[in-house]
Every structure is written in C-alpha cells, then in structure tokens.
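Dumped final-v4.pdb below, it's PDB, C-alpha atoms and all ligand atoms:
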```pdb
ATOM      1  CA  MET A1071     121.124 -46.978 -58.539  1.00  0.00           C
ATOM      2  CA  THR A1072     119.302 -46.750 -55.245  1.00  0.00           C
ATOM      3  CA  SER A1073     118.505 -43.390 -53.758  1.00  0.00           C
ATOM      4  CA  PHE A1074     118.572 -43.031 -50.026  1.00  0.00           C
ATOM      5  CA  ILE A1075     116.022 -40.749 -48.487  1.00  0.00           C
ATOM      6  CA  HIS A1076     117.101 -39.619 -45.071  1.00  0.00           C
ATOM      7  CA  LYS A1077     114.788 -38.170 -42.564  1.00  0.00           C
ATOM      8  CA  GLY A1078     114.341 -34.480 -42.617  1.00  0.00           C
ATOM      9  CA  HIS A1079     110.830 -33.315 -42.842  1.00  0.00           C
ATOM     10  CA  LEU A1080     109.738 -36.944 -42.914  1.00  0.00           C
ATOM     11  CA  ASP A1081     110.407 -37.218 -39.200  1.00  0.00           C
ATOM     12  CA  PHE A1082     106.878 -38.415 -38.568  1.00  0.00           C
ATOM     13  CA  LEU A1083     107.718 -41.790 -40.104  1.00  0.00           C
ATOM     14  CA  SER A1084     108.558 -44.611 -37.723  1.00  0.00           C
ATOM     15  CA  ASP A1085     111.290 -47.127 -38.484  1.00  0.00           C
ATOM     16  CA  ASN A1086     108.641 -49.691 -39.387  1.00  0.00           C
ATOM     17  CA  GLN A1087     106.999 -47.293 -41.778  1.00  0.00           C
ATOM     18  CA  LYS A1088     110.354 -46.548 -43.420  1.00  0.00           C
ATOM     19  CA  THR A1089     110.990 -50.267 -43.823  1.00  0.00           C
ATOM     20  CA  GLU A1090     107.557 -50.600 -45.362  1.00  0.00           C
ATOM     21  CA  LEU A1091     108.250 -47.694 -47.739  1.00  0.00           C
ATOM     22  CA  SER A1092     111.639 -49.103 -48.734  1.00  0.00           C
ATOM     23  CA  LYS A1093     109.933 -52.400 -49.562  1.00  0.00           C
ATOM     24  CA  HIS A1094     107.252 -50.605 -51.554  1.00  0.00           C
ATOM     25  CA  PHE A1095     109.795 -48.626 -53.580  1.00  0.00           C
ATOM     26  CA  MET A1096     112.291 -51.465 -53.992  1.00  0.00           C
ATOM     27  CA  THR A1097     112.063 -51.321 -57.774  1.00  0.00           C
ATOM     28  CA  ALA A1098     111.865 -48.483 -60.262  1.00  0.00           C
ATOM     29  CA  SER A1099     108.526 -47.596 -61.838  1.00  0.00           C
ATOM     30  CA  THR A1100     106.613 -48.359 -58.659  1.00  0.00           C
ATOM     31  CA  THR A1101     103.443 -46.353 -58.379  1.00  0.00           C
ATOM     32  CA  ALA A1102     101.951 -44.930 -55.226  1.00  0.00           C
ATOM     33  CA  MET A1103      98.845 -42.922 -54.598  1.00  0.00           C
ATOM     34  CA  PRO A1104      98.522 -40.872 -51.421  1.00  0.00           C
ATOM     35  CA  HIS A1105      95.379 -42.623 -50.153  1.00  0.00           C
ATOM     36  CA  GLN A1106      96.936 -46.057 -50.796  1.00  0.00           C
ATOM     37  CA  LEU A1107     100.097 -45.105 -49.001  1.00  0.00           C
ATOM     38  CA  ALA A1108      98.124 -43.649 -46.106  1.00  0.00           C
ATOM     39  CA  ALA A1109      96.177 -46.899 -45.724  1.00  0.00           C
ATOM     40  CA  GLN A1110      99.268 -49.053 -46.161  1.00  0.00           C
ATOM     41  CA  LEU A1111     101.296 -47.205 -43.554  1.00  0.00           C
ATOM     42  CA  GLY A1112      98.502 -46.148 -41.243  1.00  0.00           C
ATOM     43  CA  ILE A1113      99.353 -42.469 -41.614  1.00  0.00           C
ATOM     44  CA  GLU A1114      97.273 -39.450 -42.450  1.00  0.00           C
ATOM     45  CA  TYR A1115      96.563 -38.529 -46.055  1.00  0.00           C
ATOM     46  CA  SER A1116      98.437 -35.247 -45.657  1.00  0.00           C
ATOM     47  CA  HIS A1117     101.510 -37.123 -44.434  1.00  0.00           C
ATOM     48  CA  ALA A1118     101.340 -39.563 -47.330  1.00  0.00           C
ATOM     49  CA  LEU A1119     101.126 -36.599 -49.659  1.00  0.00           C
ATOM     50  CA  ALA A1120     104.142 -35.044 -47.930  1.00  0.00           C
ATOM     51  CA  VAL A1121     106.161 -38.225 -48.484  1.00  0.00           C
ATOM     52  CA  LEU A1122     105.353 -38.258 -52.195  1.00  0.00           C
ATOM     53  CA  ALA A1123     105.944 -34.530 -52.593  1.00  0.00           C
ATOM     54  CA  ASP A1124     109.317 -34.972 -50.920  1.00  0.00           C
ATOM     55  CA  LEU A1125     110.261 -37.773 -53.302  1.00  0.00           C
ATOM     56  CA  GLU A1126     109.307 -35.595 -56.225  1.00  0.00           C
ATOM     57  CA  ALA A1127     111.275 -32.658 -54.852  1.00  0.00           C
ATOM     58  CA  GLN A1128     114.312 -34.931 -54.618  1.00  0.00           C
ATOM     59  CA  GLY A1129     113.828 -35.965 -58.215  1.00  0.00           C
ATOM     60  CA  VAL A1130     113.384 -39.673 -57.528  1.00  0.00           C
ATOM     61  CA  CYS A1131     109.782 -39.857 -58.568  1.00  0.00           C
ATOM     62  CA  GLU A1132     107.457 -38.209 -60.988  1.00  0.00           C
ATOM     63  CA  MET A1133     104.009 -37.016 -59.993  1.00  0.00           C
ATOM     64  CA  LYS A1134     100.999 -37.232 -62.212  1.00  0.00           C
ATOM     65  CA  LEU A1135      97.577 -35.755 -61.830  1.00  0.00           C
ATOM     66  CA  LEU A1136      95.055 -38.461 -62.592  1.00  0.00           C
ATOM     67  CA  ILE A1137      91.812 -37.330 -64.164  1.00  0.00           C
ATOM     68  CA  TYR A1138      88.566 -39.139 -63.426  1.00  0.00           C
ATOM     69  CA  HIS A1139      85.349 -38.504 -65.288  1.00  0.00           C
ATOM     70  CA  ASN A1140      81.975 -39.357 -63.804  1.00  0.00           C
ATOM     71  CA  CYS A1141      81.376 -41.866 -66.641  1.00  0.00           C
ATOM     72  CA  GLU A1142      83.839 -44.205 -64.911  1.00  0.00           C
ATOM     73  CA  PRO A1143      84.413 -43.081 -61.319  1.00  0.00           C
ATOM     74  CA  ASP A1144      86.948 -45.797 -60.454  1.00  0.00           C
ATOM     75  CA  LEU A1145      89.120 -45.618 -63.523  1.00  0.00           C
ATOM     76  CA  PRO A1146      91.400 -42.707 -64.355  1.00  0.00           C
ATOM     77  CA  VAL A1147      90.628 -41.613 -67.906  1.00  0.00           C
ATOM     78  CA  GLY A1148      93.658 -39.393 -68.215  1.00  0.00           C
ATOM     79  CA  ALA A1149      96.909 -38.366 -66.579  1.00  0.00           C
ATOM     80  CA  ILE A1150      98.909 -35.194 -66.949  1.00  0.00           C
ATOM     81  CA  PRO A1151     102.160 -34.110 -65.291  1.00  0.00           C
ATOM     82  CA  TYR A1152     101.472 -32.696 -61.865  1.00  0.00           C
ATOM     83  CA  GLY A1153     102.185 -29.002 -61.482  1.00  0.00           C
ATOM     84  CA  THR A1154     100.857 -27.974 -64.873  1.00  0.00           C
ATOM     85  CA  GLY A1155      97.434 -27.204 -63.431  1.00  0.00           C
ATOM     86  CA  PHE A1156      94.101 -28.727 -64.317  1.00  0.00           C
ATOM     87  CA  PRO A1157      93.111 -29.678 -67.858  1.00  0.00           C
ATOM     88  CA  ASP A1158      91.677 -26.880 -69.965  1.00  0.00           C
ATOM     89  CA  LEU A1159      87.946 -26.912 -70.490  1.00  0.00           C
ATOM     90  CA  PRO A1160      86.198 -27.960 -72.605  1.00  0.00           C
ATOM     91  CA  TRP A1161      87.953 -31.272 -72.221  1.00  0.00           C
ATOM     92  CA  THR A1162      87.084 -34.378 -74.206  1.00  0.00           C
ATOM     93  CA  CYS A1163      86.929 -37.518 -72.134  1.00  0.00           C
ATOM     94  CA  PRO A1164      88.999 -40.182 -73.914  1.00  0.00           C
ATOM     95  CA  HIS A1165      86.818 -42.879 -72.370  1.00  0.00           C
ATOM     96  CA  CYS A1166      83.250 -41.853 -73.233  1.00  0.00           C
ATOM     97  CA  GLU A1167      84.201 -39.120 -75.724  1.00  0.00           C
ATOM     98  CA  SER A1168      81.796 -36.647 -74.205  1.00  0.00           C
ATOM     99  CA  ILE A1169      82.799 -33.033 -73.954  1.00  0.00           C
ATOM    100  CA  VAL A1170      83.291 -31.884 -70.412  1.00  0.00           C
ATOM    101  CA  GLU A1171      82.548 -28.227 -69.801  1.00  0.00           C
ATOM    102  CA  ASN A1172      82.425 -28.224 -66.037  1.00  0.00           C
ATOM    103  CA  TYR A1173      84.969 -29.344 -63.461  1.00  0.00           C
ATOM    104  CA  ASP A1174      82.087 -30.814 -61.429  1.00  0.00           C
ATOM    105  CA  GLU A1175      82.132 -33.787 -63.791  1.00  0.00           C
ATOM    106  CA  LEU A1176      85.778 -34.449 -63.094  1.00  0.00           C
ATOM    107  CA  SER A1177      87.717 -35.516 -60.084  1.00  0.00           C
ATOM    108  CA  PHE A1178      91.418 -35.702 -59.564  1.00  0.00           C
ATOM    109  CA  ASP A1179      93.951 -37.737 -57.699  1.00  0.00           C
ATOM    110  CA  LEU A1180      97.695 -37.907 -57.563  1.00  0.00           C
ATOM    111  CA  MET A1181      99.977 -40.740 -58.463  1.00  0.00           C
ATOM    112  CA  ALA A1182     103.705 -40.928 -57.955  1.00  0.00           C
ATOM    113  CA  ILE A1183     105.875 -43.130 -60.148  1.00  0.00           C
ATOM    114  CA  SER A1184     109.360 -43.874 -58.888  1.00  0.00           C
ATOM    115  CA  LYS A1185     112.265 -43.414 -61.287  1.00  0.00           C
ATOM    116  CA  GLN A1186     114.617 -45.681 -59.394  1.00  0.00           C
ATOM    117  CA  PRO A1187     114.702 -47.874 -56.290  1.00  0.00           C
ATOM    118  CA  ILE A1188     114.338 -45.737 -53.167  1.00  0.00           C
ATOM    119  CA  GLU A1189     115.466 -46.676 -49.721  1.00  0.00           C
ATOM    120  CA  PHE A1190     114.242 -44.812 -46.657  1.00  0.00           C
ATOM    121  CA  ALA A1191     116.869 -44.614 -43.979  1.00  0.00           C
TER     122      ALA A1191
HETATM  123 ZN    ZN A1201      83.946 -39.963 -69.662  1.00  0.00          ZN
END
```
Could you write out this file's structure as structure tokens?
Amino acid sequence: MTSFIHKGHLDFLSDNQKTELSKHFMTASTTAMPHQLAAQLGIEYSHALAVLADLEAQGVCEMKLLIYHNCEPDLPVGAIPYGTGFPDLPWTCPHCESIVENYDELSFDLMAISKQPIEFA
C-alpha cells in the first residue's frame, strides 16, 4: 500500500523535491536522517525535520532517536523511540561498555524509518 502525502504544511517543497522524496521513499523500511535529506534535497535542516515529523504524524514512518557516544562519533551506539525523551543516566554504552554519567559524552540525531512506500503529490 502506498501512502500519498499531499501538500499542506509541506508547501515549501518544489515539484522536483517531491519527485526526489517519492523516489527516496519508494519502498518500505527506507531510512532518512534530517541532515541527509537536507543535503539531498538542498533544503534547510529545519525543513527536512518538518518533512520527517509530518510523515511520523501521519503514521507512515517511525522516528528513532539515535544515540552517539564519544567513543565512536560516527556510529550510533543505540536507538530509542523518538518522543520518549533522552536515555536515563547513568547509561552504559553498548559499544565500549563504559558508564556514561554526563550528557556531554553523548550526542543525538534523528532517523525516520518508513513503514510503507510513500508518494509525495
Ligand atoms: Zn562508548
């Protein structure tokens, strides 16, 4: 089943950008991170975030909060459902197994995972 996302508060997207998004989300279980999407479409980070938030609000994708520890800055060491807040401290890093007692050691990013093909119209 393909979901059609019609413009509403995504009015800032051009037809080309919608085509690009439809291609990106052609299959279920596609992932997208706001900074990737921003670079891919040439839009601002806040707009990319708005697109993903809209998809989540419409129930066609799931958002996760990715957790990065400073032991491995480029690799997410954990992921929790977005909207449940930040992980409780102390938090044990599954990668290096050290005990994190300060949010300064962590950084976060968002990732959306589509539940079904999405077409932007
Ligand atoms: Zn670690």
> For the atom pair atom CA of A:Leu1080 and atom CA of A:Leu1180, what is the interatomic distance in Å to one decimal place?
Replying inline: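 Between these atoms lies a distance of 19.0 Å.
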> Between A:Ser1116, A:Thr1100, A:Thr1162, A:Thr1072, which has the minimum distance to A:Val1147 (counting all atoms listed in the file)?
Replying inline: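 The answer is A:Thr1162, which sits nearest to A:Val1147.
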> Could you list, as number ranges by chain, all the residues within 12 Å of ligand ZN 1201 (chain A), counting only C-alpha atoms and all ligand atoms?
Replying inline: A: 1137-1148, 1161-1171, 1175-1177
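Restricting the calculation to only C-alpha atoms, the smallest distance between A:Ile1113 and any of A:Leu1083, A:Cys1131, A:Leu1136, A:Leu1125 is found for A:Leu1083.
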> Which residues, written as a PyMOL selection string, have at least one atom at most 7 Å from A:Lys1185, with only C-alpha atoms counted and residues fewer than 5 positions away on the same chain left out?
Replying inline: chain A and resi 1098-1099+1130-1131
> Suppose you want the space between atom CA of A:Gln1186 and atom CA of A:Thr1089; what is it in Å?
Replying inline: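 Separation between atom CA of A:Gln1186 and atom CA of A:Thr1089: 16.6 Å.
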>> For the PyMOL selection byres (((chain A and resi 1076) around 12) and not hetatm), applied here, can you spell out every residue it catches as a PyMOL selection string?
In response: chain A and resi 1073-1075+1077-1081+1083+1085+1088+1092+1121+1124-1125+1128+1188-1191
> For the atom pair atom CA of A:Thr1097 and atom CA of A:Ala1109, what is the interatomic distance in Å to one decimal place?
Replying inline: 20.4 Å
>> Please list as a ChimeraX atom specification every residue within 10 Å of A:His1117, counting all atoms listed in the file and excluding residues in the same chain fewer than 6 positions away.
In response: /A:1080,1082-1083,1104,1107-1108,1123
